[in-house]
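Peer 1: Provided below: query14.cif, containing mmCIF, C-alpha atoms.
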```
data_protein
#
loop_
_atom_site.label_atom_id
_atom_site.label_comp_id
_atom_site.auth_asym_id
_atom_site.auth_seq_id
_atom_site.Cartn_x
_atom_site.Cartn_y
_atom_site.Cartn_z
CA MET N 6 113.85 85.75 92.82
CA ILE N 7 111.42 85.02 95.64
CA GLU N 8 108.22 82.97 95.46
CA ILE N 9 105.35 84.10 97.67
CA ARG N 10 102.16 82.06 98.06
CA THR N 11 100.83 83.33 101.39
CA ARG N 12 100.66 86.43 103.55
CA ALA N 13 102.78 84.56 106.13
CA GLU N 14 105.61 84.36 103.59
CA VAL N 15 105.33 88.12 102.98
CA ASP N 16 105.58 88.67 106.73
CA ARG N 17 108.62 86.39 106.98
CA TYR N 18 110.49 88.45 104.38
CA LEU N 19 109.45 91.70 106.02
CA SER N 20 110.90 90.33 109.28
CA LEU N 21 114.19 89.58 107.53
CA ILE N 22 114.27 93.15 106.22
CA ASP N 23 113.59 94.53 109.69
CA ALA N 24 116.39 92.38 111.13
CA SER N 25 118.90 93.62 108.54
CA ALA N 26 117.83 97.23 109.25
CA ASN N 27 118.40 96.61 112.96
CA ARG N 28 121.89 95.24 112.26
CA THR N 29 122.74 98.45 110.42
CA LEU N 30 121.26 100.53 113.24
CA GLU N 31 123.62 98.74 115.65
CA GLN N 32 126.56 99.62 113.37
CA VAL N 33 125.54 103.30 113.33
CA MET N 34 125.02 103.40 117.10
CA ARG N 35 128.58 102.08 117.64
CA HIS N 36 130.10 104.77 115.41
CA THR N 37 132.45 107.05 117.35
CA GLY N 38 133.83 109.33 114.63
CA SER N 39 132.53 112.60 113.22
CA GLY N 40 129.33 113.01 111.28
CA LEU N 41 131.25 113.24 108.02
CA GLU N 42 133.13 110.05 108.85
CA LEU N 43 129.80 108.34 109.52
CA LEU N 44 128.38 109.47 106.18
CA LYS N 45 131.55 108.28 104.45
CA ALA N 46 131.20 104.87 106.09
CA LEU N 47 127.53 104.62 105.15
CA LYS N 48 128.27 105.52 101.54
CA PHE N 49 131.51 103.65 100.87
CA ASP N 50 132.05 100.94 103.50
CA GLN N 51 130.27 97.65 104.01
CA ALA N 52 128.38 99.21 106.95
CA GLY N 53 124.98 97.82 106.00
CA PHE N 54 123.39 94.52 105.07
CA HIS N 55 121.35 93.17 102.18
CA PRO N 56 117.63 93.31 103.05
CA VAL N 57 116.92 89.57 102.57
CA GLU N 58 120.31 87.91 102.09
CA ASP N 59 122.87 87.49 104.85
CA ARG N 60 125.64 89.58 103.30
CA PRO N 61 127.12 93.04 103.80
CA LEU N 62 126.38 96.08 101.61
CA ASN N 63 127.06 99.74 101.88
CA ALA N 64 124.24 101.33 103.87
CA ILE N 65 123.06 103.63 101.08
CA GLU N 66 122.50 100.63 98.83
CA GLN N 67 120.77 98.88 101.73
CA ILE N 68 118.36 101.81 102.04
CA ASN N 69 117.54 101.73 98.33
CA GLN N 70 117.14 97.96 98.19
CA THR N 71 115.17 97.84 101.44
CA TRP N 72 112.44 100.11 100.13
CA THR N 73 112.42 98.38 96.74
CA TYR N 74 111.81 95.05 98.50
CA VAL N 75 109.28 96.48 100.96
CA ALA N 76 107.25 98.05 98.14
CA ALA N 77 107.27 94.77 96.21
CA LEU N 78 106.31 92.70 99.25
CA VAL N 79 103.46 95.00 100.28
CA ALA N 80 102.25 95.00 96.66
CA THR N 81 102.42 91.20 96.62
CA SER N 82 100.29 91.08 99.76
CA LYS N 83 97.66 93.18 97.97
CA LEU N 84 97.86 90.99 94.87
CA LEU N 85 97.32 87.87 96.99
CA GLU N 86 94.00 89.46 98.05
CA LEU N 87 93.02 90.58 94.54
CA HIS N 88 94.06 87.40 92.72
CA PRO N 89 93.73 84.26 94.86
CA ASP N 90 93.66 82.30 91.59
CA ALA N 91 97.22 83.39 90.69
CA GLU N 92 98.79 80.43 92.57
CA GLY N 93 101.14 82.90 94.25
CA PHE N 94 103.72 85.31 92.86
CA ARG N 95 107.35 85.49 91.86
CA ILE N 96 108.98 88.73 92.88
CA ALA N 97 112.29 90.08 91.66
CA PRO N 98 112.34 93.79 92.46
CA GLY N 99 114.90 95.97 90.74
CA ALA N 100 116.44 96.09 87.31
CA HIS N 101 119.18 93.59 88.20
CA MET N 102 116.76 90.78 88.92
CA SER N 103 115.68 87.76 86.88
CA LEU N 104 112.07 88.42 85.80
CA PRO N 105 110.70 90.63 83.03
CA LEU N 106 108.53 92.40 85.64
CA ASP N 107 109.02 93.03 89.38
CA ILE N 108 106.07 90.76 90.24
CA MET N 109 104.57 88.00 88.09
CA SER N 110 101.89 85.49 88.95
CA ILE N 111 102.97 81.87 89.17
CA ARG N 112 99.98 81.14 86.96
CA PRO N 113 101.42 82.31 83.62
CA GLY N 114 99.93 85.36 81.93
CA LEU N 115 97.52 86.31 84.72
CA VAL N 116 99.18 89.13 86.70
CA GLY N 117 102.19 91.38 86.17
CA ALA N 118 103.30 94.37 88.20
CA GLU N 119 106.05 96.93 88.55
CA THR N 120 106.81 98.51 91.93
CA PHE N 121 108.80 101.42 93.25
CA ALA N 122 109.42 103.54 96.32
CA ALA N 123 110.08 107.24 95.79
CA THR N 124 109.56 110.66 97.31
CA HIS N 125 106.89 111.52 94.71
CA PRO N 126 104.91 109.55 92.07
CA ARG N 127 106.71 111.37 89.27
CA SER N 128 110.26 111.13 90.71
CA ASN N 129 112.76 110.11 88.03
CA ASN N 130 109.80 109.62 85.65
CA LYS N 131 109.49 106.14 87.20
CA LEU N 132 105.68 105.98 87.07
CA ASN N 133 105.64 106.86 83.37
CA LYS N 134 108.39 104.36 82.58
CA ASP N 135 106.55 101.60 84.43
CA LEU N 136 103.27 102.44 82.70
CA ILE N 137 104.96 102.25 79.30
CA LYS N 138 106.54 98.91 80.19
CA LEU N 139 103.23 97.46 81.42
CA GLU N 140 101.20 98.78 78.50
CA ALA N 141 103.30 96.48 76.33
CA ALA N 142 103.02 93.49 78.69
CA CYS N 143 100.68 90.62 77.87
CA GLU N 144 99.40 89.79 81.38
CA ALA N 145 95.62 89.89 81.79
CA HIS N 146 95.93 92.09 84.91
CA ARG N 147 98.66 94.73 85.03
CA TYR N 148 99.61 97.03 87.91
CA VAL N 149 102.01 99.68 89.09
CA PHE N 150 102.40 99.84 92.87
CA MET N 151 104.17 102.83 94.35
CA MET N 152 105.21 103.72 97.86
CA CYS N 153 105.38 107.51 98.13
CA PRO N 154 105.08 109.54 101.36
CA GLY N 155 101.87 111.54 101.56
CA LEU N 156 100.09 109.58 98.84
CA ALA N 157 96.93 107.97 100.21
CA PRO N 158 96.96 104.17 100.00
CA GLY N 159 94.63 102.61 97.47
CA ARG N 160 93.92 102.81 93.78
CA HIS N 161 94.77 106.06 91.97
CA GLU N 162 92.81 106.05 88.72
CA ARG N 163 94.03 109.54 87.77
CA PHE N 164 97.46 108.04 86.97
CA GLU N 165 96.14 105.06 85.01
CA ARG N 166 96.32 104.46 81.29
CA GLY N 167 96.42 101.60 78.82
CA GLY N 168 94.53 99.24 81.12
CA VAL N 169 97.23 99.41 83.83
CA GLN N 170 95.95 99.95 87.37
CA VAL N 171 97.98 102.23 89.65
CA TRP N 172 97.99 101.69 93.40
CA ALA N 173 99.72 103.39 96.29
CA VAL N 174 100.87 101.20 99.17
CA GLU N 175 102.15 102.08 102.63
CA PRO N 176 105.09 100.65 104.53
CA PRO N 177 104.12 98.07 107.13
CA THR N 178 103.70 99.37 110.64
#
```
Go through the file and emit its structure as structure tokens.

Peer 2:
Amino acid sequence: MIEIRTRAEVDRYLSLIDASANRTLEQVMRHTGSGLELLKALKFDQAGFHPVEDRPLNAIEQINQTWTYVAALVATSKLLELHPDAEGFRIAPGAHMSLPLDIMSIRPGLVGAETFAATHPRSNNKLNKDLIKLEAACEAHRYVFMMCPGLAPGRHERFERGGVQVWAVEPPT
């Protein structure tokens, strides 16, 4: 779990993610075998790195976790703007983490959010699953943030239901 109280902290974690991506890029650039051998290494070997922890991972898992973290961090940045009274946020993106929701305000009961990165808003029924989860949540302000290529950033009311706001966010530039 990560606590974020300022935009500078968001930026610090995004820098860590960029550094781990660059470490993996260096691994790929040094590869001298065939394309199939490279794909095997990326899938099965410890050829990548955790996005925010200094430890190896397979590169495919790094890709998945990287975009899960980036989506959560960009969403947290937006929530810092929308809810300055939240006292900051705890983020624990992914099902294996330690919070009931991906993002929760430090001020109890104020804000809760789920986040995901996918090729399309309806991929793997993730948006619907997150909406169902948040409809049952007790936070005063509830959100789903999604990072999907081609989806304009901002609020997308057409996806909303049950008092849960749906926002699209973009990767940092």

Peer 1: Please measure the separation of CA of Val33 (chain N) and CA of Thr73 (chain N), giving the value in Å to one decimal.

Peer 2: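 We find that CA of Val33 (chain N) and CA of Thr73 (chain N) lie 21.7 Å from each other.
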
Peer 1: Please write the residues picked by the PyMOL selection byres ((chain N and resi 178) around 12) on this file as a list in words.

Peer 2: Asp16, Leu19, Ser20, Asp23, Val75, Val79, Val174, Glu175, Pro176 and Pro177 of chain N

Peer 1: Wanna dump the region 17-114 of chain N-region 141-163 of chain N contacts at 9 Å for me, each residue with its shortest atom pair and the distance in Å to one decimal, counting only C-alpha atoms, ordered by chain and number, as a tab-separated table?

Peer 2:
```
residue	atom	partner	partner_atom	distance
N:Trp72	CA	N:Met152	CA	8.4
N:Val75	CA	N:Met152	CA	8.9
N:Ala76	CA	N:Met152	CA	6.0
N:Ala77	CA	N:Phe150	CA	7.8
N:Val79	CA	N:Phe150	CA	8.9
N:Ala80	CA	N:Phe150	CA	6.1
N:Leu106	CA	N:Ala142	CA	8.9
N:Met109	CA	N:Glu144	CA	8.7
N:Pro113	CA	N:Glu144	CA	8.1
N:Gly114	CA	N:Glu144	CA	4.5
```

Peer 1: So that I can see what lies close to region 136-140 of chain N, please list as a ChimeraX atom specification the residues with an atom at most 10 Å from it, counting all atoms listed in the file and leaving out residues fewer than 4 positions away in the same chain.

Peer 2: /N:105-106,117-119,131-132,144,146-149,164-171

Peer 1: Find the distance between CA of Asp107 (chain N) and CA of Leu30 (chain N) and write it in Å to one decimal.

Peer 2: 27.8 Å

Peer 1: What does the structure give for the distance between CA of Ala13 (chain N) and CA of Pro56 (chain N), in Å to one decimal?

Peer 2: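 CA of Pro56 (chain N) lies 17.5 Å from CA of Ala13 (chain N).
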
Peer 1: Residues at most 10 Å from Glu92 (chain N), counting all atoms listed in the file, excluding those fewer than 6 positions away in the same chain, as a list of chain:residue names?

Peer 2: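 That gives N:Ile9, N:Arg10, N:Thr11, N:Leu85, N:Ser110, N:Ile111, N:Arg112, N:Pro113, N:Leu115.
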
Peer 1: Determine, counting all atoms listed in the file, which protein, DNA and RNA residues have an atom within 8 Å of an atom of region 40-53 of chain N; residues of the same chain fewer than 4 positions away are not included. Present the result as an NGL selection string.

Peer 2: :N and (25-26 or 28-29 or 32-33 or 36 or 61-65 or 67)

Peer 1: Using all atoms listed in the file, which of N:Leu84, N:Leu104, N:Ala173, N:Met34 sits nearest Val116 (chain N)?

Peer 2: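 For Val116 (chain N), the nearest of the given residues is N:Leu84.
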
Peer 1: For a quick check of understanding, using all atoms listed in the file, which of N:Lys83, N:Arg12, N:Lys134, N:Arg127 has the smallest distance to Ile108 (chain N)?

Peer 2: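 Checking each of N:Lys83, N:Arg12, N:Lys134, N:Arg127 against Ile108 (chain N), counting all atoms listed in the file, the winner is N:Lys83.
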
Peer 1: Smallest atom-to-atom distance to Ile7 (chain N): which of N:Asn130, N:Thr124, N:Gln70, N:Ser103, using all atoms listed in the file?

Peer 2: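 Answer, going by the shortest atom-to-atom distance: N:Ser103.
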